>>> print(open('run-v7.txt').read())   # compact mmCIF, C-alpha atoms
# COMPACT_ATOMS: atom_id res chain seq x y z
CA MET A 1 5.35 52.17 7.67
CA ASN A 2 6.77 50.32 4.68
CA ARG A 3 9.25 48.57 6.96
CA MET A 4 6.38 47.43 9.22
CA ILE A 5 4.44 46.10 6.26
CA ALA A 6 7.53 44.27 5.01
CA THR A 7 8.13 42.76 8.43
CA MET A 8 4.53 41.60 8.67
CA GLY A 9 4.76 40.11 5.21
CA LEU A 10 7.94 38.23 6.10
CA ALA A 11 6.31 36.85 9.25
CA ALA A 12 3.35 35.65 7.21
CA LEU A 13 5.68 33.88 4.78
CA VAL A 14 7.56 32.18 7.59
CA SER A 15 4.30 30.88 9.07
CA LEU A 16 3.09 29.38 5.78
CA PRO A 17 3.01 25.56 5.68
CA ALA A 18 5.61 23.83 3.53
CA VAL A 19 4.59 23.19 -0.06
CA ALA A 20 5.94 20.17 -1.89
CA ALA A 21 8.58 20.70 -4.53
CA VAL A 22 7.25 19.54 -7.90
CA ALA A 23 9.72 17.52 -9.98
CA ARG A 24 9.49 17.22 -13.76
CA SER A 25 9.94 13.46 -13.74
CA ILE A 26 10.54 10.45 -11.51
CA PRO A 27 14.30 10.44 -12.30
CA ASP A 28 14.39 14.14 -11.39
CA ALA A 29 12.68 13.32 -8.08
CA TYR A 30 15.24 10.57 -7.39
CA ALA A 31 18.04 13.09 -7.79
CA ARG A 32 16.41 15.67 -5.51
CA ALA A 33 14.79 13.64 -2.76
CA GLY A 34 17.63 12.27 -0.62
CA HIS A 35 15.84 10.87 2.44
CA LYS A 36 12.65 12.82 1.65
CA PRO A 37 9.61 10.90 0.42
CA ILE A 38 8.60 11.07 -3.23
CA VAL A 39 4.85 11.30 -3.84
CA LEU A 40 3.51 10.34 -7.26
CA PHE A 41 0.05 11.49 -8.22
CA CYS A 42 -0.93 8.96 -10.89
CA TYR A 43 -4.00 9.74 -12.96
CA GLY A 44 -5.52 8.56 -16.19
CA ALA A 45 -4.95 11.52 -18.52
CA ASN A 46 -7.90 12.00 -20.89
CA THR A 47 -9.29 8.70 -19.66
CA ASP A 48 -12.63 9.42 -18.01
CA LYS A 49 -14.60 11.86 -15.89
CA VAL A 50 -13.35 10.44 -12.61
CA ASN A 51 -9.68 10.96 -13.44
CA ASP A 52 -10.38 14.43 -14.87
CA THR A 53 -12.20 15.37 -11.68
CA ALA A 54 -9.41 13.96 -9.52
CA TYR A 55 -6.88 16.10 -11.39
CA GLU A 56 -9.02 19.18 -10.78
CA VAL A 57 -9.54 18.38 -7.09
CA TYR A 58 -6.03 17.28 -6.15
CA ILE A 59 -3.67 19.06 -8.55
CA LYS A 60 -5.23 22.06 -10.26
CA SER A 61 -6.50 23.35 -6.91
CA ASN A 62 -2.93 23.03 -5.53
CA LYS A 63 -4.29 21.01 -2.59
CA LEU A 64 -1.94 18.06 -2.94
CA GLN A 65 1.11 20.31 -3.16
CA ARG A 66 0.14 21.85 0.19
CA GLU A 67 -0.67 18.51 1.81
CA THR A 68 2.60 16.79 0.89
CA GLY A 69 4.77 19.36 2.68
CA LYS A 70 8.49 18.56 2.41
CA ALA A 71 7.98 15.68 -0.03
CA VAL A 72 8.98 15.80 -3.68
CA LEU A 73 5.85 15.58 -5.83
CA VAL A 74 5.65 14.15 -9.35
CA ILE A 75 2.46 14.42 -11.40
CA VAL A 76 2.23 11.29 -13.53
CA PRO A 77 -0.20 11.29 -16.48
CA LEU A 78 -0.98 7.78 -17.70
CA TYR A 79 -2.57 7.53 -21.14
CA GLN A 80 -4.45 4.38 -22.03
CA TYR A 81 -4.08 4.83 -25.79
CA PRO A 82 -1.34 7.45 -26.21
CA ASP A 83 -0.47 9.04 -29.53
CA ASP A 84 3.19 9.74 -30.28
CA LYS A 85 3.19 13.08 -28.44
CA GLN A 86 1.46 11.64 -25.39
CA ARG A 87 3.75 8.61 -25.34
CA LYS A 88 6.79 10.88 -25.40
CA GLU A 89 5.35 12.96 -22.55
CA MET A 90 4.57 9.89 -20.47
CA GLU A 91 7.98 8.27 -21.07
CA GLY A 92 9.68 11.53 -20.11
CA VAL A 93 7.85 11.65 -16.78
CA LEU A 94 8.29 7.94 -15.98
CA GLY A 95 11.93 7.64 -16.99
CA PRO A 96 13.65 4.38 -17.97
CA LYS A 97 12.56 2.45 -14.86
CA GLY A 98 8.88 3.40 -15.12
CA LEU A 99 6.49 3.04 -12.21
CA PRO A 100 7.42 0.90 -9.23
CA SER A 101 5.82 -2.52 -9.26
CA LYS A 102 2.36 -3.01 -7.77
CA VAL A 103 1.03 0.38 -8.88
CA TYR A 104 -2.17 -0.57 -10.66
CA THR A 105 -4.92 1.98 -10.15
CA THR A 106 -5.73 5.55 -11.08
CA PRO A 107 -6.15 8.01 -9.56
CA SER A 108 -3.74 7.19 -6.74
CA MET A 109 -1.07 8.75 -4.52
CA VAL A 110 2.06 6.62 -4.34
CA VAL A 111 4.92 7.11 -1.87
CA MET A 112 8.43 6.06 -2.93
CA ASP A 113 11.99 6.65 -1.82
CA SER A 114 14.96 7.89 -3.85
CA ASP A 115 16.05 4.30 -4.56
CA GLY A 116 12.76 3.54 -6.27
CA ASN A 117 11.28 1.40 -3.47
CA LEU A 118 7.50 1.54 -3.15
CA ARG A 119 6.80 2.44 0.49
CA GLY A 120 3.02 2.73 0.40
CA SER A 121 0.07 4.19 -1.47
CA VAL A 122 -3.38 5.71 -1.11
CA HIS A 123 -5.44 4.27 -3.92
CA GLU A 124 -8.68 2.86 -2.49
CA PRO A 125 -11.67 4.32 -4.34
CA GLU A 126 -13.53 5.09 -1.11
CA LEU A 127 -10.58 7.25 -0.06
CA MET A 128 -9.72 8.87 -3.39
CA GLN A 129 -13.33 9.98 -3.82
CA ASN A 130 -13.12 11.76 -0.46
CA PRO A 131 -10.04 14.03 -0.57
CA GLU A 132 -10.24 14.91 3.11
CA LYS A 133 -9.95 11.24 4.10
CA ALA A 134 -7.37 10.61 1.38
CA PHE A 135 -5.16 13.38 2.75
CA GLU A 136 -5.53 11.97 6.27
CA ALA A 137 -4.37 8.58 4.99
CA LEU A 138 -1.47 10.19 3.11
CA LYS A 139 -0.47 12.15 6.20
CA ARG A 140 -0.33 8.94 8.27
CA LEU A 141 1.73 7.24 5.57
CA LEU A 142 4.20 10.14 5.35
CA GLU A 143 4.53 10.28 9.14
CA ALA A 144 5.30 6.55 9.20
CA TYR A 145 7.79 7.07 6.35
CA ASP A 146 9.56 9.80 8.32
CA GLU A 147 9.74 7.63 11.43
CA GLN A 148 11.10 4.67 9.48
CA GLU A 149 13.57 6.81 7.54
CA GLY A 150 14.85 8.24 10.82
CA TRP A 151 15.78 4.73 11.98
CA ILE A 152 17.35 3.97 8.60
CA VAL A 153 19.52 7.10 8.75
CA LYS A 154 20.72 6.10 12.23
CA ALA A 155 21.38 2.55 11.02
CA GLU A 156 23.46 3.80 8.09
CA LYS A 157 25.71 5.66 10.52
CA ALA A 158 26.03 2.73 12.95
CA SER A 159 28.09 -0.44 12.79
CA GLY A 160 28.13 -3.95 14.16
CA ALA A 161 25.24 -5.21 16.23
CA ARG A 162 23.66 -1.76 16.61
CA LYS A 163 23.39 -1.42 12.84
CA SER A 164 21.17 -4.48 12.42
CA GLN A 165 19.14 -3.62 15.52
CA LEU A 166 18.37 -0.14 14.16
CA TYR A 167 17.34 -1.57 10.81
CA LEU A 168 15.04 -3.95 12.66
CA LYS A 169 13.43 -0.98 14.45
CA ALA A 170 12.89 0.59 11.05
CA ALA A 171 11.29 -2.61 9.77
CA ASP A 172 8.91 -2.66 12.73
CA VAL A 173 7.38 0.75 11.95
CA ARG A 174 3.70 0.19 11.14
CA GLY A 175 1.88 1.69 8.19
CA VAL A 176 4.77 1.81 5.71
CA ASP A 177 6.67 -0.80 3.70
CA MET A 178 10.31 -1.43 4.50
CA PRO A 179 12.69 -0.91 1.56
CA SER A 180 14.67 -3.88 0.35
CA LEU A 181 17.91 -4.59 2.24
CA LYS A 182 19.19 -7.21 -0.17
CA ASN A 183 22.09 -5.04 -1.30
CA THR A 184 22.64 -3.34 2.05
CA ASP A 185 25.35 -4.04 4.59
CA ILE A 186 23.23 -4.66 7.68
CA GLY A 187 26.23 -5.42 9.87
CA SER A 188 26.26 -7.36 13.16
CA LYS A 189 27.75 -10.65 14.17
CA ASN A 190 26.13 -13.98 13.45
CA ARG A 191 25.49 -15.02 17.04
CA GLY A 192 23.52 -13.91 20.08
CA LYS A 193 20.89 -11.15 19.97
CA ALA A 194 22.81 -9.31 17.28
CA GLY A 195 22.84 -12.40 15.09
CA GLN A 196 19.13 -12.90 15.67
CA ALA A 197 18.37 -9.33 14.61
CA LYS A 198 20.44 -9.81 11.46
CA ALA A 199 18.69 -13.09 10.66
CA GLU A 200 15.25 -11.51 11.11
CA LEU A 201 16.20 -8.65 8.79
CA GLN A 202 17.46 -11.06 6.18
CA ASN A 203 14.27 -13.12 6.45
CA ARG A 204 12.08 -10.05 5.96
CA SER A 205 14.16 -8.78 3.08
CA ASN A 206 14.14 -12.18 1.32
CA PHE A 207 10.48 -12.96 2.02
CA ASP A 208 8.86 -14.70 -0.95
CA ILE A 209 5.14 -15.33 -0.53
CA GLU A 210 4.83 -16.72 -4.06
CA GLY A 211 7.42 -19.34 -3.24
CA VAL A 212 5.49 -20.23 -0.08
CA VAL A 213 2.25 -20.65 -2.03
CA GLN A 214 3.93 -22.86 -4.62
CA HIS A 215 5.48 -25.04 -1.93
CA LEU A 216 2.15 -25.46 -0.15
CA GLN A 217 0.67 -27.04 -3.26
CA VAL A 218 2.74 -30.21 -2.77
CA LEU A 219 1.97 -30.56 0.96
CA ASP A 220 -0.94 -32.22 2.69
CA LEU A 221 -2.86 -30.21 5.27
CA GLY A 222 -0.85 -31.31 8.28
CA GLN A 223 2.46 -30.69 6.54
CA ALA A 224 1.23 -27.29 5.31
CA GLU A 225 0.32 -26.14 8.80
CA GLY A 226 3.67 -27.29 10.21
CA TYR A 227 5.54 -25.56 7.40
CA VAL A 228 3.78 -22.22 7.87
CA ARG A 229 4.01 -22.41 11.66
CA GLY A 230 7.75 -22.87 11.28
CA LEU A 231 7.96 -19.76 9.11
CA MET A 232 5.85 -17.72 11.56
CA GLY A 233 8.65 -17.89 14.12
CA LYS A 234 11.36 -16.46 11.85
CA GLY A 235 10.83 -12.78 12.70
CA TYR A 236 8.71 -11.75 9.73
CA SER A 237 6.73 -8.51 9.90
CA ILE A 238 3.06 -8.39 10.87
CA LEU A 239 2.02 -7.98 7.23
CA GLN A 240 4.20 -10.88 6.12
CA ARG A 241 2.73 -13.08 8.84
CA GLN A 242 -0.76 -12.11 7.66
CA TRP A 243 0.23 -13.22 4.16
CA LEU A 244 1.48 -16.55 5.50
CA LEU A 245 -1.80 -17.16 7.32
CA ALA A 246 -3.75 -16.13 4.23
CA ALA A 247 -1.81 -18.68 2.19
CA LEU A 248 -2.45 -21.37 4.79
CA GLY A 249 -6.16 -20.54 5.03
CA GLY A 250 -6.50 -20.64 1.25
CA HIS A 251 -4.74 -24.00 1.11
CA PHE A 252 -7.13 -25.46 3.71
CA ARG A 253 -10.19 -24.03 1.98
CA ARG A 254 -9.27 -25.41 -1.44
CA ASN A 255 -8.59 -28.83 0.04
CA GLN A 256 -11.75 -29.03 2.21
CA GLY A 257 -9.78 -28.62 5.43
CA SER A 258 -11.27 -28.28 8.89
CA LYS A 259 -13.37 -25.17 9.42
CA ASP A 260 -12.11 -25.04 12.98
CA LYS A 261 -8.58 -24.77 11.64
CA MET A 262 -9.61 -22.15 9.10
CA ARG A 263 -11.31 -20.19 11.89
CA GLN A 264 -8.07 -20.35 13.87
CA PHE A 265 -5.94 -19.13 10.95
CA TYR A 266 -8.22 -16.29 9.86
CA THR A 267 -8.86 -15.15 13.44
CA GLU A 268 -5.12 -14.99 14.08
CA MET A 269 -4.62 -13.17 10.77
CA ARG A 270 -7.29 -10.62 11.67
CA ASP A 271 -6.04 -10.06 15.21
CA LEU A 272 -2.48 -9.33 14.08
CA ASP A 273 -3.73 -6.01 12.66
CA PRO A 274 -7.54 -5.67 12.56
CA ASP A 275 -7.42 -2.22 10.92
CA SER A 276 -5.29 -3.25 7.95
CA PRO A 277 -6.77 -4.41 4.60
CA TYR A 278 -5.69 -7.97 5.40
CA GLY A 279 -7.34 -7.73 8.80
CA ALA A 280 -10.55 -6.85 6.96
CA TYR A 281 -10.01 -9.67 4.47
CA ALA A 282 -9.56 -12.13 7.31
CA GLN A 283 -12.83 -11.04 8.87
CA GLY A 284 -14.47 -11.40 5.48
CA ALA A 285 -13.10 -14.92 5.14
CA LEU A 286 -14.53 -15.82 8.53
CA ASP A 287 -17.96 -14.42 7.62
CA ILE A 288 -18.14 -15.95 4.16
CA TRP A 289 -16.30 -19.26 4.34
CA VAL A 290 -16.22 -20.29 7.98
CA ASP A 291 -19.09 -18.93 10.04
CA VAL A 292 -21.84 -18.60 7.43
CA LYS A 293 -25.14 -19.74 8.92
CA GLU A 294 -27.61 -21.83 6.98
CA LYS A 295 -29.84 -19.63 4.85
CA SER A 296 -33.00 -20.23 2.92
CA SER A 297 -31.45 -18.77 -0.20
CA VAL A 298 -27.84 -18.70 -1.30
CA ASP A 299 -28.47 -15.18 -2.59
CA GLU A 300 -28.54 -13.98 1.00
CA VAL A 301 -24.94 -15.00 1.55
CA PRO A 302 -22.53 -12.07 0.97
CA ALA A 303 -20.95 -12.56 -2.42
CA GLU A 304 -18.09 -10.12 -2.16
CA ILE A 305 -15.64 -8.59 0.24
CA THR A 306 -14.96 -4.89 -0.18
CA ARG A 307 -12.57 -2.51 1.45
CA VAL A 308 -15.24 0.08 2.20
CA ASN A 309 -14.69 0.91 5.87
CA ASN A 310 -13.26 -2.61 6.31
CA THR A 311 -16.76 -4.08 6.20
CA ILE A 312 -18.46 -6.88 4.31
CA SER A 313 -20.87 -5.92 1.58
CA THR A 314 -22.96 -7.63 -1.06
CA GLU A 315 -22.59 -4.63 -3.35
CA GLY A 316 -19.97 -4.18 -5.98
CA SER A 317 -21.30 -0.91 -7.34
CA GLY A 318 -18.30 1.16 -6.41
CA LYS A 319 -20.41 4.01 -5.04
CA ALA A 320 -18.58 6.73 -3.20
CA THR A 321 -18.74 6.55 0.56
CA PRO A 322 -21.10 9.01 2.29
CA GLY A 323 -19.60 12.43 2.76
CA ALA A 324 -17.37 12.24 -0.29
CA ASN A 325 -16.25 15.51 -1.84
CA ASP A 326 -19.05 17.12 -3.83
CA ALA A 327 -16.84 17.18 -6.89
CA PHE A 328 -17.13 13.40 -7.08
CA LYS A 329 -20.88 13.11 -6.45
CA GLY A 330 -22.87 11.61 -9.28
CA ILE A 331 -19.95 9.72 -10.77
CA GLY A 332 -19.40 7.13 -8.04
CA ASN A 333 -20.51 4.31 -10.32
CA ASN A 334 -17.81 5.04 -12.86
CA THR A 335 -15.72 1.93 -13.27
CA ALA A 336 -12.46 3.84 -13.01
CA MET A 337 -13.21 4.48 -9.34
CA GLY A 338 -15.21 1.33 -8.71
CA THR A 339 -14.61 -0.32 -5.35
CA ARG A 340 -12.15 -3.18 -5.69
CA VAL A 341 -13.75 -6.42 -4.65
CA THR A 342 -12.60 -9.95 -4.05
CA PRO A 343 -15.01 -12.56 -5.46
CA ALA A 344 -16.20 -15.14 -2.98
CA ASP A 345 -14.41 -17.91 -4.85
CA ALA A 346 -11.08 -16.08 -5.04
CA ASP A 347 -8.13 -17.45 -3.11
CA TYR A 348 -6.68 -15.60 -0.17
CA ASP A 349 -3.29 -17.19 -0.67
CA ASP A 350 -2.17 -14.44 -3.05
CA PRO A 351 -1.62 -11.09 -1.29
CA GLY A 352 -1.79 -9.40 -4.67
CA ALA A 353 -4.98 -11.13 -5.76
CA ASP A 354 -6.96 -7.89 -5.47
CA ALA A 355 -4.77 -6.15 -8.03
CA ASP A 356 -4.43 -6.52 -11.75
CA SER A 357 -1.05 -7.48 -13.12
CA GLY A 358 0.96 -5.27 -15.40
CA ASN A 359 3.62 -2.58 -15.41
CA GLY A 360 1.32 0.37 -15.88
CA ALA A 361 -1.57 1.66 -13.85
CA ASP A 362 -4.98 1.07 -15.35
CA SER A 363 -8.33 2.42 -14.37
CA GLU A 364 -10.33 -0.21 -12.57
>>> encode(input="run-v7.txt", output="structure tokens")
Amino acid sequence: MNRMIATMGLAALVSLPAVAAVARSIPDAYARAGHKPIVLFCYGANTDKVNDTAYEVYIKSNKLQRETGKAVLVIVPLYQYPDDKQRKEMEGVLGPKGLPSKVYTTPSMVVMDSDGNLRGSVHEPELMQNPEKAFEALKRLLEAYDEQEGWIVKAEKASGARKSQLYLKAADVRGVDMPSLKNTDIGSKNRGKAGQAKAELQNRSNFDIEGVVQHLQVLDLGQAEGYVRGLMGKGYSILQRQWLLAALGGHFRRNQGSKDKMRQFYTEMRDLDPDSPYGAYAQGALDIWVDVKEKSSVDEVPAEITRVNNTISTEGSGKATPGANDAFKGIGNNTAMGTRVTPADADYDDPGADADSGNGADSE
């Protein structure tokens, strides 16, 4: 009887889903991860009700540990005004390198690799206020990470032309950012299809949207379009091409360029990936700056573009989307979880324009 009970218990343990290993710090996660993803749960410790609730919902309930499976999880408390003890705690978790760049909001779930490359994040307020949807988004991101990492592992074992071609397959995986290849031997010869694959990888790895935007400032409209069109054929990723079109559209808008041209740029930008944030931004640009019909009052024209369900809204209240977890109800207007918006007069030529600058993550 005892043997039967033990056998049943063992079978139950074997059938349990994987639970993420929890690392003490980001450096600890680097050492343990290998090719596994690292998931950071970044929250504003003792900051506000929203972050406190997020900690309860995602961490204290053990939900995130179960949802991240084989990943290495790091819980990252971020104090806005830390005392000495809190600063020491935070520095111990972050390590000498701190957070990867472009992590700005709390609460958020950030996916990294063991080299410290940011591979993606789930941070949108409308998702973080609805854990079920946030976990779905995280699952898609981790699946894309695994697919991309599989190609990278194969590429690391290959040589010559096949090496660069495998890295290119990794770069083409949708829904996850490709790690930098600047210090990586990507192999292949410099001619033929192999040379083309190597050149495309180098272009993606060295992509500099800020440099593009700066160069556009000294070009007239015709020169700007020719310049960007030339770049569009260099094998950049879909996201990078969306950034190029955003920069071109912004340049035309600031310089009173043709609306027909702007419609062309933003339509192309949207159609490259309609479901991405930049696909939504492109549609917003069309609705606000290109195809706005004459109205009796300017107040009727949408003033803001939000990410809520990739739709255009005149609200900037930051309310939680319908169906959000009950734990978040009643606090949707808190500024820490407010919906990020892009003002109507903001430029689309900066892919990071919707994020605050800085090394740490601040509540919105």
>>> atom_distance(input="run-v7.txt", atom1="CA of Lys36 in chain A", atom2="CA of Glu126 in chain A")
27.4 Å
>>> atom_distance(input="run-v7.txt", atom1="CA of Asp287 in chain A", atom2="CA of Leu221 in chain A")
22.0 Å
>>> closest_residue(input="run-v7.txt", among="A:Leu99, A:Leu201, A:Leu142, A:Val93", to="Ala170 in chain A", atoms="all atoms listed in the file")
A:Leu201
>>> residues_around(input="run-v7.txt", residues="Leu118 in chain A", least_positions_apart="5", cutoff="9 Å", atoms="only C-alpha atoms", output="list of chain:residue names")
A:Pro100, A:Ser101, A:Lys102, A:Val103, A:Val110, A:Val111, A:Met112, A:Asp113, A:Asp177, A:Met178, A:Pro179
>>> write_last_selection(input="run-v7.txt", atoms="C-alpha atoms", output="tab-separated table (two decimals), in the coordinates of the input")
chain	number	residue	atom	x	y	z
A	100	PRO	CA	7.42	0.90	-9.23
A	101	SER	CA	5.82	-2.52	-9.26
A	102	LYS	CA	2.36	-3.01	-7.77
A	103	VAL	CA	1.03	0.38	-8.88
A	110	VAL	CA	2.06	6.62	-4.34
A	111	VAL	CA	4.92	7.11	-1.87
A	112	MET	CA	8.43	6.06	-2.93
A	113	ASP	CA	11.99	6.65	-1.82
A	177	ASP	CA	6.67	-0.80	3.70
A	178	MET	CA	10.31	-1.43	4.50
A	179	PRO	CA	12.69	-0.91	1.56
>>> atom_distance(input="run-v7.txt", atom1="CA of Met269 in chain A", atom2="CA of Asp172 in chain A")
17.2 Å
>>> closest_residue(input="run-v7.txt", among="A:Ser205, A:Ser164, A:Asn117, A:Gln283", to="Lys97 in chain A", atoms="only C-alpha atoms")
A:Asn117
>>> residues_around(input="run-v7.txt", residues="Gly235 in chain A", least_positions_apart="3", cutoff="12 Å", atoms="all atoms listed in the file", output="list in words")
Leu168, Ala171, Asp172, Gln196, Ala197, Lys198, Ala199, Glu200, Leu201, Gln202, Asn203, Arg204, Ser205, Asn206, Phe207, Arg229, Gly230, Leu231, Met232, Ile238, Leu239, Gln240 and Arg241 of chain A
>>> closest_residue(input="run-v7.txt", among="A:Tyr58, A:Tyr104, A:Asn46, A:Leu181", to="Glu156 in chain A", atoms="only C-alpha atoms")
A:Leu181
>>> closest_atom_pairs(input="run-v7.txt", of="range 103-197 of chain A", to="range 17-30 of chain A", cutoff="8 Å", atoms="all atoms listed in the file", output="tab-separated table")
residue	atom	partner	partner_atom	distance
A:Asp113	CA	A:Tyr30	CA	7.5
A:Ser114	CA	A:Tyr30	CA	4.4
A:Asp115	CA	A:Tyr30	CA	6.9
A:Gly116	CA	A:Tyr30	CA	7.5
>>> residues_around(input="run-v7.txt", residues="Gln217 in chain A", least_positions_apart="5", cutoff="12 Å", atoms="only C-alpha atoms", output="number ranges by chain")
A: 210-212, 223-224, 227, 247-248, 250-252, 254-255, 349
>>> axis_aligned_box(input="run-v7.txt", around="range 225-229 of chain A", padding_each_side="6 Å", output="lines of an AutoDock Vina configuration file")
center_x = 2.9
center_y = -24.8
center_z = 9.5
size_x = 17.2
size_y = 17.1
size_z = 16.3
